[in-house]
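Student: For reference, the structure I am asking about is given below.
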Amino acid sequence: MGSSEMQFIKEAFDTNWIAPLGPNVDGFEHDIEKYLNIKSSAALSSGTAALHLALILLGVGEGDFVICPSFTFSASANPIIYQKATPVFVDCELESWNMNPDQLEEAIQYCLRRNKKPKAIIVVHLYGMPANMDAILKIANDQGIPLIEDAAESLGSKYNGLHTGTFGTMGVLSFNGNKIITTSGGGALISDDAELIRKTKFLATQARDNAPHYQHSTIGYNYRLSNICAGIGRGQMELIDLRVETRRQNFQYYEKNIGEIDGVGFQPESAKSFSNRWLTAITIDPHMNTSPAKIRMVLEENNIESRPVWKPLHLQPIFKPYPAFLTGHSELIFNSGLCLPSGSSLTSSQLEQICTIVAKTCN
Ligand SMILES: *Cc1c(COP(=O)(O)O)cnc(C)c1O
C-alpha cells in the first residue's frame with residue numbers, strides 16, 4: 001500500500017458511503033480511464049466477473065465457440081463454461097508465450113467448418129507480456145470476430161506504445177491481491193464503446209429496470225466494486241507507474257545476475273512490447289543438470305517462495321475434453337519454467353540471495 005489508500009477509505013467512512021457505489025467508485029473509474037486513455041470503464045468485483053460480463057454482452061451462450069489461449073490461468077476460461085459455451089484452446093508462440101496467430105487461424109477454421117463463427121476471441125497478456133497484437137487483431141478484424149483482452153496481469157504494459165487492454169472490443173483488468181496493484185479484490189471492464197459499459201453497469205447491479213418498484217426484465221448479477229475497495233484502488237492508481245518500474249527492475253536484476261548462466265532463459269519481450277514484468281519467469285533448459293522443481297525446492301528450503309508457471313488449460317483435467325490447437329510450446333514452458341519472487345517490496349539483498357541460490361543450483 002502507498003500513503004493515500006487509507007485517506008480514501010477514511011473519506012468513505014466519514015461521509016458514510018459504505019454502500020456498493022459512491023464517489024470512490026466514480027473516482028477510481030476516472031483514474032483508470034485517464035491512465036489507459038480509454039473512454040469508459042466499469043469497476044467490478046473481480047476480473048473474472050468482468051470477463052463473464054464481456055461474454056454476456058457479446059451474446060455468448062450455450063453451444064457457442066469462444067477461442068481462448070491454453071497457456072493462462074483458469075479464470076480466463078471459466079466464464080466460457082459459466083455461459084455453457086465451448087472453449088477452443090490455442091497454444092502459445094515462443095516469442096511472447098502468448099496466443100500463437102497460426103493456431104488461432106486453425107482454431108477459427110475448425111469452428112467455421114462446423115458452421116459456427118466463434119463468438120469471441122480472448123487474448124491474454126501473460127505475466128504482463130503483450131501478445132502479438134498486430135497479427136491477432138488482423139485475424140480478428142478480417143474474420144469479424146470481437147476480441148476481448150484479458151489484461152488481468154498486464155496493467156501498465158504497452159504494445160506499439162498503447163496500453164494493453166485497449167486494443168480489443170473490451171478489456172479486462174484485475175485488482176486481486178496478487179496483481180501489480182490491488183483493491184484486495186476487484187476488477188474492471190474497459191471499452192471505448194460507452195454503450196457496452198453502460199450495459200455492464202446495469203447487469204452488474206442486478207439489472208434493475210428504470211422503475212420506482214423493483215422490476216427486472218433481464219437476469220442480473222451482483223458484480224459491482226464496493227466504495228471501500230474502490231478507495232484502495234484510487235490510492236493504488238497513484239503508484240502504478242512506480243510499481244511497473246520496480247517490477248521491471250526486479251526483472252533486470254535477475255537478467256543481469258543469472259541470465260549469463262548457460263541454459264537459463266526468460267520470457268522474451270519484442271521490440272513492439274513493453275511488459276510490466278508482473279512476474280519474472282525463467283526457463284531451465286531440459287539438458288541442464290537441474291530442473292525448475294529442484295530450484296523451487298532449494299529456494300523453499302531457504303524460506304523463499306517461487307512457483308511453477310501456469311499449467312496449460314488443455315492439460316487440466318476439467319478442460320481436457322475441449323478442442324485444442326497445439327504447438328507443444330506451452331507444455332515445453334510448463335515443464336521448464338519457474339516464476340521467481342517478483343513482489344514490489346523485494347530488497348536488493350533478497351534479490352541477491354535468490355540469484356546466488358539459483359546460480360548454485362544450476363552448477
Ligand atoms: C487474476 C487473473 C484473472 C482473474 O482475475 P480475478 O480478479 O482474480 O477474478 C483472469 N485472468 C488472468 C490471466 C489472471 O491472472
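Chain labels follow the order of the C-alpha cells: the first chain is A, the next B, and so on; residue numbering restarts at 1 in every chain, and ligands are counted from 1 in their shown order.
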Using 7 Å as the limit and counting only C-alpha atoms and all ligand atoms, can you tabulate each residue of chain A that touches ligand 1, with its shortest atom-to-atom distance in Å and the two atoms involved, as CSV?
Tutor:
residue,atom,partner,partner_atom_place_in_ligand_line,distance
A:Ser46,CA,ligand 1,7 (O),3.8
A:Gly47,CA,ligand 1,7 (O),3.5
A:Thr48,CA,ligand 1,9 (O),3.7
A:Ala49,CA,ligand 1,9 (O),6.4
A:Thr72,CA,ligand 1,13 (C),5.6
A:Phe73,CA,ligand 1,13 (C),5.0
A:Ala75,CA,ligand 1,10 (C),4.6
A:Ser76,CA,ligand 1,11 (N),4.5
A:Val124,CA,ligand 1,13 (C),6.1
A:Leu126,CA,ligand 1,13 (C),6.3
A:Asp150,CA,ligand 1,11 (N),5.8
A:Ala151,CA,ligand 1,13 (C),6.9
A:Ala152,CA,ligand 1,14 (C),4.8
A:Glu153,CA,ligand 1,15 (O),5.1
A:Ser174,CA,ligand 1,7 (O),4.1
A:Phe175,CA,ligand 1,7 (O),5.6
A:Asn176,CA,ligand 1,7 (O),4.6
A:Lys179,CA,ligand 1,1 (C),6.9
A:Gly185,CA,ligand 1,7 (O),6.3
A:Gly186,CA,ligand 1,7 (O),5.4
A:Gly187,CA,ligand 1,7 (O),5.2
Student: Given the selection you just returned, output its residues as a file containing N, CA and C atoms, formatted as a PDB file, in the first residue's frame.
Tutor:
ATOM      1  N   SER A  46     -14.436  -8.400  -9.543  1.00  0.00           N
ATOM      2  CA  SER A  46     -13.254  -9.193  -9.891  1.00  0.00           C
ATOM      3  C   SER A  46     -13.009  -9.156 -11.393  1.00  0.00           C
ATOM      4  N   GLY A  47     -11.816  -9.594 -11.775  1.00  0.00           N
ATOM      5  CA  GLY A  47     -11.514  -9.735 -13.191  1.00  0.00           C
ATOM      6  C   GLY A  47     -12.369 -10.831 -13.816  1.00  0.00           C
ATOM      7  N   THR A  48     -12.613 -11.872 -13.052  1.00  0.00           N
ATOM      8  CA  THR A  48     -13.450 -12.973 -13.551  1.00  0.00           C
ATOM      9  C   THR A  48     -14.854 -12.473 -13.870  1.00  0.00           C
ATOM     10  N   ALA A  49     -15.404 -11.627 -12.997  1.00  0.00           N
ATOM     11  CA  ALA A  49     -16.729 -11.034 -13.229  1.00  0.00           C
ATOM     12  C   ALA A  49     -16.712 -10.185 -14.502  1.00  0.00           C
ATOM     13  N   THR A  72      -2.592 -20.030 -19.738  1.00  0.00           N
ATOM     14  CA  THR A  72      -3.113 -18.942 -18.913  1.00  0.00           C
ATOM     15  C   THR A  72      -3.682 -19.517 -17.629  1.00  0.00           C
ATOM     16  N   PHE A  73      -4.124 -18.636 -16.770  1.00  0.00           N
ATOM     17  CA  PHE A  73      -4.799 -19.012 -15.533  1.00  0.00           C
ATOM     18  C   PHE A  73      -6.229 -19.441 -15.861  1.00  0.00           C
ATOM     19  N   ALA A  75      -9.025 -18.772 -14.764  1.00  0.00           N
ATOM     20  CA  ALA A  75     -10.069 -17.733 -14.766  1.00  0.00           C
ATOM     21  C   ALA A  75     -10.301 -17.149 -16.153  1.00  0.00           C
ATOM     22  N   SER A  76      -9.312 -17.278 -17.056  1.00  0.00           N
ATOM     23  CA  SER A  76      -9.513 -16.801 -18.434  1.00  0.00           C
ATOM     24  C   SER A  76     -10.594 -17.612 -19.134  1.00  0.00           C
ATOM     25  N   VAL A 124      -4.739 -13.149 -23.954  1.00  0.00           N
ATOM     26  CA  VAL A 124      -4.171 -12.884 -22.620  1.00  0.00           C
ATOM     27  C   VAL A 124      -2.751 -12.348 -22.781  1.00  0.00           C
ATOM     28  N   LEU A 126       0.244 -12.681 -20.869  1.00  0.00           N
ATOM     29  CA  LEU A 126       0.684 -13.494 -19.737  1.00  0.00           C
ATOM     30  C   LEU A 126       1.874 -12.905 -18.986  1.00  0.00           C
ATOM     31  N   ASP A 150      -7.800 -10.084 -22.037  1.00  0.00           N
ATOM     32  CA  ASP A 150      -7.639 -10.362 -20.616  1.00  0.00           C
ATOM     33  C   ASP A 150      -6.310  -9.740 -20.195  1.00  0.00           C
ATOM     34  N   ALA A 151      -6.403  -8.504 -19.712  1.00  0.00           N
ATOM     35  CA  ALA A 151      -5.205  -7.758 -19.288  1.00  0.00           C
ATOM     36  C   ALA A 151      -5.053  -7.808 -17.768  1.00  0.00           C
ATOM     37  N   ALA A 152      -5.568  -8.884 -17.165  1.00  0.00           N
ATOM     38  CA  ALA A 152      -5.556  -9.014 -15.701  1.00  0.00           C
ATOM     39  C   ALA A 152      -4.143  -8.926 -15.123  1.00  0.00           C
ATOM     40  N   GLU A 153      -3.160  -9.395 -15.917  1.00  0.00           N
ATOM     41  CA  GLU A 153      -1.788  -9.428 -15.408  1.00  0.00           C
ATOM     42  C   GLU A 153      -0.935  -8.311 -16.000  1.00  0.00           C
ATOM     43  N   SER A 174      -7.726  -6.821 -13.540  1.00  0.00           N
ATOM     44  CA  SER A 174      -7.937  -7.433 -12.224  1.00  0.00           C
ATOM     45  C   SER A 174      -7.157  -6.654 -11.168  1.00  0.00           C
ATOM     46  N   PHE A 175      -7.800  -6.483 -10.023  1.00  0.00           N
ATOM     47  CA  PHE A 175      -7.145  -5.861  -8.872  1.00  0.00           C
ATOM     48  C   PHE A 175      -7.147  -6.825  -7.697  1.00  0.00           C
ATOM     49  N   ASN A 176      -7.016  -8.128  -8.025  1.00  0.00           N
ATOM     50  CA  ASN A 176      -6.913  -9.148  -6.997  1.00  0.00           C
ATOM     51  C   ASN A 176      -5.629  -8.918  -6.188  1.00  0.00           C
ATOM     52  N   LYS A 179      -2.093  -9.143  -7.855  1.00  0.00           N
ATOM     53  CA  LYS A 179      -1.781  -8.426  -9.089  1.00  0.00           C
ATOM     54  C   LYS A 179      -0.884  -7.212  -8.820  1.00  0.00           C
ATOM     55  N   GLY A 185      -9.606  -7.155  -3.599  1.00  0.00           N
ATOM     56  CA  GLY A 185     -10.269  -7.970  -4.610  1.00  0.00           C
ATOM     57  C   GLY A 185     -11.029  -7.010  -5.496  1.00  0.00           C
ATOM     58  N   GLY A 186     -10.953  -7.191  -6.790  1.00  0.00           N
ATOM     59  CA  GLY A 186     -11.674  -6.277  -7.684  1.00  0.00           C
ATOM     60  C   GLY A 186     -11.248  -6.465  -9.117  1.00  0.00           C
ATOM     61  N   GLY A 187     -11.951  -5.790 -10.001  1.00  0.00           N
ATOM     62  CA  GLY A 187     -11.629  -5.867 -11.424  1.00  0.00           C
ATOM     63  C   GLY A 187     -12.298  -4.736 -12.153  1.00  0.00           C
TER      64      GLY A 187
END
Student: Produce a table with one row for each residue of stretch 96-186 of chain A that has an atom at most 10 Å from any atom of stretch 25-43 of chain A, each row naming the nearest atom pair and its distance in Å at one decimal; use only C-alpha atoms; arrange rows by chain and rising residue number; format as JSON lines.
Tutor:
{"residue": "A:Leu155", "atom": "CA", "partner": "A:Leu36", "partner_atom": "CA", "distance": 8.8}
{"residue": "A:Gly156", "atom": "CA", "partner": "A:Leu36", "partner_atom": "CA", "distance": 8.3}
{"residue": "A:Lys158", "atom": "CA", "partner": "A:Leu36", "partner_atom": "CA", "distance": 9.9}
{"residue": "A:Leu162", "atom": "CA", "partner": "A:Leu36", "partner_atom": "CA", "distance": 8.2}
{"residue": "A:His163", "atom": "CA", "partner": "A:Leu36", "partner_atom": "CA", "distance": 6.0}
{"residue": "A:Thr164", "atom": "CA", "partner": "A:Leu36", "partner_atom": "CA", "distance": 8.4}
{"residue": "A:Gly165", "atom": "CA", "partner": "A:Leu36", "partner_atom": "CA", "distance": 8.3}
{"residue": "A:Thr166", "atom": "CA", "partner": "A:Ile38", "partner_atom": "CA", "distance": 6.8}
{"residue": "A:Phe167", "atom": "CA", "partner": "A:Ile38", "partner_atom": "CA", "distance": 10.0}
{"residue": "A:Met170", "atom": "CA", "partner": "A:Ser41", "partner_atom": "CA", "distance": 9.5}
{"residue": "A:Gly171", "atom": "CA", "partner": "A:Ser41", "partner_atom": "CA", "distance": 9.2}
{"residue": "A:Val172", "atom": "CA", "partner": "A:Ser41", "partner_atom": "CA", "distance": 9.7}
{"residue": "A:Leu173", "atom": "CA", "partner": "A:Ala43", "partner_atom": "CA", "distance": 9.1}
{"residue": "A:Ser174", "atom": "CA", "partner": "A:Ala43", "partner_atom": "CA", "distance": 9.7}
{"residue": "A:Phe175", "atom": "CA", "partner": "A:Ala43", "partner_atom": "CA", "distance": 9.8}
{"residue": "A:Gly186", "atom": "CA", "partner": "A:Ala43", "partner_atom": "CA", "distance": 7.5}
Student: Which residue out of A:Ala140, A:Cys339, A:Met129, A:Ala54 has the minimum interatomic distance to A:Ala271 when only C-alpha atoms are used?
Tutor: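 Closest residue, counting only C-alpha atoms: A:Met129.
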Student: What separation in Å, quoted to one decimal, exists between atom CA of A:Arg307 and atom CA of A:Thr356?
Tutor: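 Interatomic distance, atom CA of A:Arg307 to atom CA of A:Thr356: 17.7 Å.
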Student: List every residue of stretch 210-312 of chain A that has an atom at most 9 Å from any atom of stretch 89-98 of chain A, and for each one report the closest atom pair and its distance in Å to one decimal, counting only C-alpha atoms, with rows sorted by chain and then by increasing residue number, as JSON lines.
Tutor:
{"residue": "A:Gln267", "atom": "CA", "partner": "A:Ser96", "partner_atom": "CA", "distance": 6.5}
{"residue": "A:Pro268", "atom": "CA", "partner": "A:Ser96", "partner_atom": "CA", "distance": 5.7}
{"residue": "A:Glu269", "atom": "CA", "partner": "A:Ser96", "partner_atom": "CA", "distance": 6.5}
{"residue": "A:Ser270", "atom": "CA", "partner": "A:Glu95", "partner_atom": "CA", "distance": 7.4}
{"residue": "A:Pro312", "atom": "CA", "partner": "A:Asp91", "partner_atom": "CA", "distance": 8.5}
Student: Could you please determine the separation between atom CA of A:Thr283 and atom CA of A:Leu338 in Å, to one decimal place?
Tutor: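 Straight-line distance from atom CA of A:Thr283 to atom CA of A:Leu338 works out to 6.3 Å.
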Student: Expressed in Å to a single decimal, how great is the separation between atom CA of A:Gln236 and atom CA of A:Ala12?
Tutor: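 Those two atoms sit 15.9 Å apart.
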Student: Apply DSSP to the structure's backbone, then extract all residues of stretch 159-315 of chain A labelled helix (DSSP H, G or I) and return them as a PyMOL selection string.
Tutor: chain A and resi 194-204+227-237+240-258+292-301+313-315
Student: Could the residues in this selection be saved with N, CA and C atoms as a short mmCIF file (atom, residue, chain, number, x, y, z; two decimals), in the first residue's frame?
Tutor:
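Saved file result16.cif follows:
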data_model
loop_
_atom_site.label_atom_id
_atom_site.label_comp_id
_atom_site.auth_asym_id
_atom_site.auth_seq_id
_atom_site.Cartn_x
_atom_site.Cartn_y
_atom_site.Cartn_z
N ALA A 194 -19.00 3.29 -25.04
CA ALA A 194 -19.66 3.69 -23.78
C ALA A 194 -20.96 2.93 -23.54
N GLU A 195 -21.61 2.53 -24.64
CA GLU A 195 -22.88 1.80 -24.50
C GLU A 195 -22.64 0.42 -23.87
N LEU A 196 -21.56 -0.23 -24.26
CA LEU A 196 -21.22 -1.53 -23.66
C LEU A 196 -20.99 -1.37 -22.16
N ILE A 197 -20.33 -0.30 -21.77
CA ILE A 197 -20.02 -0.09 -20.35
C ILE A 197 -21.29 0.30 -19.58
N ARG A 198 -22.18 1.04 -20.23
CA ARG A 198 -23.46 1.35 -19.59
C ARG A 198 -24.22 0.04 -19.29
N LYS A 199 -24.23 -0.85 -20.26
CA LYS A 199 -24.89 -2.15 -20.06
C LYS A 199 -24.18 -2.97 -18.99
N THR A 200 -22.86 -2.87 -18.95
CA THR A 200 -22.08 -3.60 -17.93
C THR A 200 -22.53 -3.19 -16.54
N LYS A 201 -22.64 -1.87 -16.33
CA LYS A 201 -23.02 -1.37 -15.01
C LYS A 201 -24.44 -1.79 -14.65
N PHE A 202 -25.30 -1.83 -15.66
CA PHE A 202 -26.69 -2.26 -15.46
C PHE A 202 -26.73 -3.73 -15.02
N LEU A 203 -26.02 -4.58 -15.77
CA LEU A 203 -26.02 -6.02 -15.44
C LEU A 203 -25.34 -6.29 -14.09
N ALA A 204 -24.33 -5.48 -13.77
CA ALA A 204 -23.54 -5.72 -12.56
C ALA A 204 -24.27 -5.28 -11.29
N ASN A 227 -17.49 0.80 -2.61
CA ASN A 227 -16.88 2.13 -2.48
C ASN A 227 -15.63 2.09 -1.60
N ILE A 228 -15.57 1.12 -0.67
CA ILE A 228 -14.39 0.97 0.18
C ILE A 228 -13.21 0.45 -0.64
N CYS A 229 -13.44 -0.65 -1.36
CA CYS A 229 -12.37 -1.23 -2.19
C CYS A 229 -11.91 -0.24 -3.26
N ALA A 230 -12.88 0.50 -3.83
CA ALA A 230 -12.51 1.49 -4.85
C ALA A 230 -11.62 2.58 -4.26
N GLY A 231 -11.80 2.86 -2.97
CA GLY A 231 -10.93 3.83 -2.29
C GLY A 231 -9.48 3.35 -2.27
N ILE A 232 -9.30 2.05 -2.01
CA ILE A 232 -7.95 1.47 -2.07
C ILE A 232 -7.41 1.63 -3.50
N GLY A 233 -8.29 1.37 -4.47
CA GLY A 233 -7.89 1.45 -5.88
C GLY A 233 -7.43 2.85 -6.27
N ARG A 234 -8.09 3.87 -5.77
CA ARG A 234 -7.69 5.25 -6.10
C ARG A 234 -6.28 5.52 -5.59
N GLY A 235 -6.00 5.05 -4.37
CA GLY A 235 -4.66 5.23 -3.82
C GLY A 235 -3.63 4.45 -4.62
N GLN A 236 -4.00 3.22 -5.02
CA GLN A 236 -3.08 2.37 -5.77
C GLN A 236 -2.77 2.92 -7.16
N MET A 237 -3.77 3.57 -7.77
CA MET A 237 -3.54 4.12 -9.12
C MET A 237 -2.44 5.18 -9.11
N ILE A 240 0.89 3.15 -9.79
CA ILE A 240 1.06 2.15 -10.83
C ILE A 240 2.38 2.29 -11.59
N ASP A 241 2.75 3.51 -11.97
CA ASP A 241 4.00 3.67 -12.73
C ASP A 241 5.22 3.24 -11.92
N LEU A 242 5.18 3.56 -10.63
CA LEU A 242 6.27 3.17 -9.73
C LEU A 242 6.36 1.64 -9.63
N ARG A 243 5.18 1.00 -9.52
CA ARG A 243 5.15 -0.46 -9.42
C ARG A 243 5.72 -1.12 -10.68
N VAL A 244 5.36 -0.57 -11.84
CA VAL A 244 5.87 -1.12 -13.10
C VAL A 244 7.39 -0.98 -13.13
N GLU A 245 7.86 0.18 -12.71
CA GLU A 245 9.31 0.42 -12.70
C GLU A 245 10.01 -0.59 -11.79
N THR A 246 9.44 -0.80 -10.61
CA THR A 246 10.05 -1.73 -9.64
C THR A 246 10.07 -3.16 -10.18
N ARG A 247 8.95 -3.57 -10.78
CA ARG A 247 8.89 -4.94 -11.31
C ARG A 247 9.88 -5.13 -12.45
N ARG A 248 10.02 -4.10 -13.25
CA ARG A 248 10.98 -4.19 -14.35
C ARG A 248 12.42 -4.20 -13.81
N GLN A 249 12.64 -3.49 -12.72
CA GLN A 249 13.97 -3.52 -12.10
C GLN A 249 14.28 -4.90 -11.53
N ASN A 250 13.26 -5.55 -10.91
CA ASN A 250 13.44 -6.93 -10.45
C ASN A 250 13.90 -7.81 -11.61
N PHE A 251 13.15 -7.68 -12.74
CA PHE A 251 13.49 -8.49 -13.92
C PHE A 251 14.92 -8.22 -14.36
N GLN A 252 15.29 -6.93 -14.43
CA GLN A 252 16.63 -6.57 -14.91
C GLN A 252 17.71 -7.13 -13.99
N TYR A 253 17.41 -7.13 -12.69
CA TYR A 253 18.37 -7.69 -11.73
C TYR A 253 18.58 -9.19 -12.02
N TYR A 254 17.48 -9.90 -12.18
CA TYR A 254 17.58 -11.34 -12.48
C TYR A 254 18.33 -11.57 -13.79
N GLU A 255 17.97 -10.78 -14.79
CA GLU A 255 18.57 -10.97 -16.11
C GLU A 255 20.09 -10.77 -16.04
N LYS A 256 20.48 -9.74 -15.31
CA LYS A 256 21.89 -9.41 -15.20
C LYS A 256 22.65 -10.48 -14.40
N ASN A 257 22.01 -11.01 -13.36
CA ASN A 257 22.74 -11.87 -12.43
C ASN A 257 22.63 -13.37 -12.70
N ILE A 258 21.57 -13.81 -13.37
CA ILE A 258 21.50 -15.24 -13.69
C ILE A 258 21.32 -15.48 -15.19
N PRO A 292 13.41 -26.98 -12.84
CA PRO A 292 12.64 -25.95 -12.13
C PRO A 292 12.17 -26.46 -10.77
N ALA A 293 11.79 -27.74 -10.70
CA ALA A 293 11.31 -28.31 -9.43
C ALA A 293 12.41 -28.30 -8.38
N LYS A 294 13.63 -28.62 -8.83
CA LYS A 294 14.76 -28.67 -7.89
C LYS A 294 15.06 -27.25 -7.38
N ILE A 295 15.09 -26.28 -8.28
CA ILE A 295 15.37 -24.90 -7.87
C ILE A 295 14.29 -24.43 -6.89
N ARG A 296 13.04 -24.79 -7.21
CA ARG A 296 11.93 -24.39 -6.33
C ARG A 296 12.11 -24.97 -4.93
N MET A 297 12.55 -26.24 -4.87
CA MET A 297 12.71 -26.88 -3.57
C MET A 297 13.87 -26.27 -2.78
N VAL A 298 14.96 -25.98 -3.46
CA VAL A 298 16.11 -25.38 -2.76
C VAL A 298 15.72 -23.97 -2.26
N LEU A 299 15.00 -23.22 -3.06
CA LEU A 299 14.52 -21.90 -2.60
C LEU A 299 13.62 -22.07 -1.38
N GLU A 300 12.73 -23.06 -1.47
CA GLU A 300 11.80 -23.35 -0.38
C GLU A 300 12.55 -23.66 0.93
N GLU A 301 13.63 -24.44 0.81
CA GLU A 301 14.45 -24.76 1.98
C GLU A 301 15.01 -23.49 2.62
N LEU A 313 -4.13 -24.99 -19.99
CA LEU A 313 -5.51 -25.42 -19.74
C LEU A 313 -5.85 -26.71 -20.47
N HIS A 314 -5.22 -26.95 -21.66
CA HIS A 314 -5.56 -28.19 -22.37
C HIS A 314 -5.04 -29.42 -21.62
N LEU A 315 -4.17 -29.20 -20.63
CA LEU A 315 -3.68 -30.33 -19.80
C LEU A 315 -4.44 -30.44 -18.48
#
Student: Of the candidates A:Arg224, A:Glu260, A:Ile318, A:Asn24, which one gets nearest to A:Ile81 if we count only C-alpha atoms?
Tutor: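 Among the listed residues, A:Ile318 lies closest to A:Ile81.
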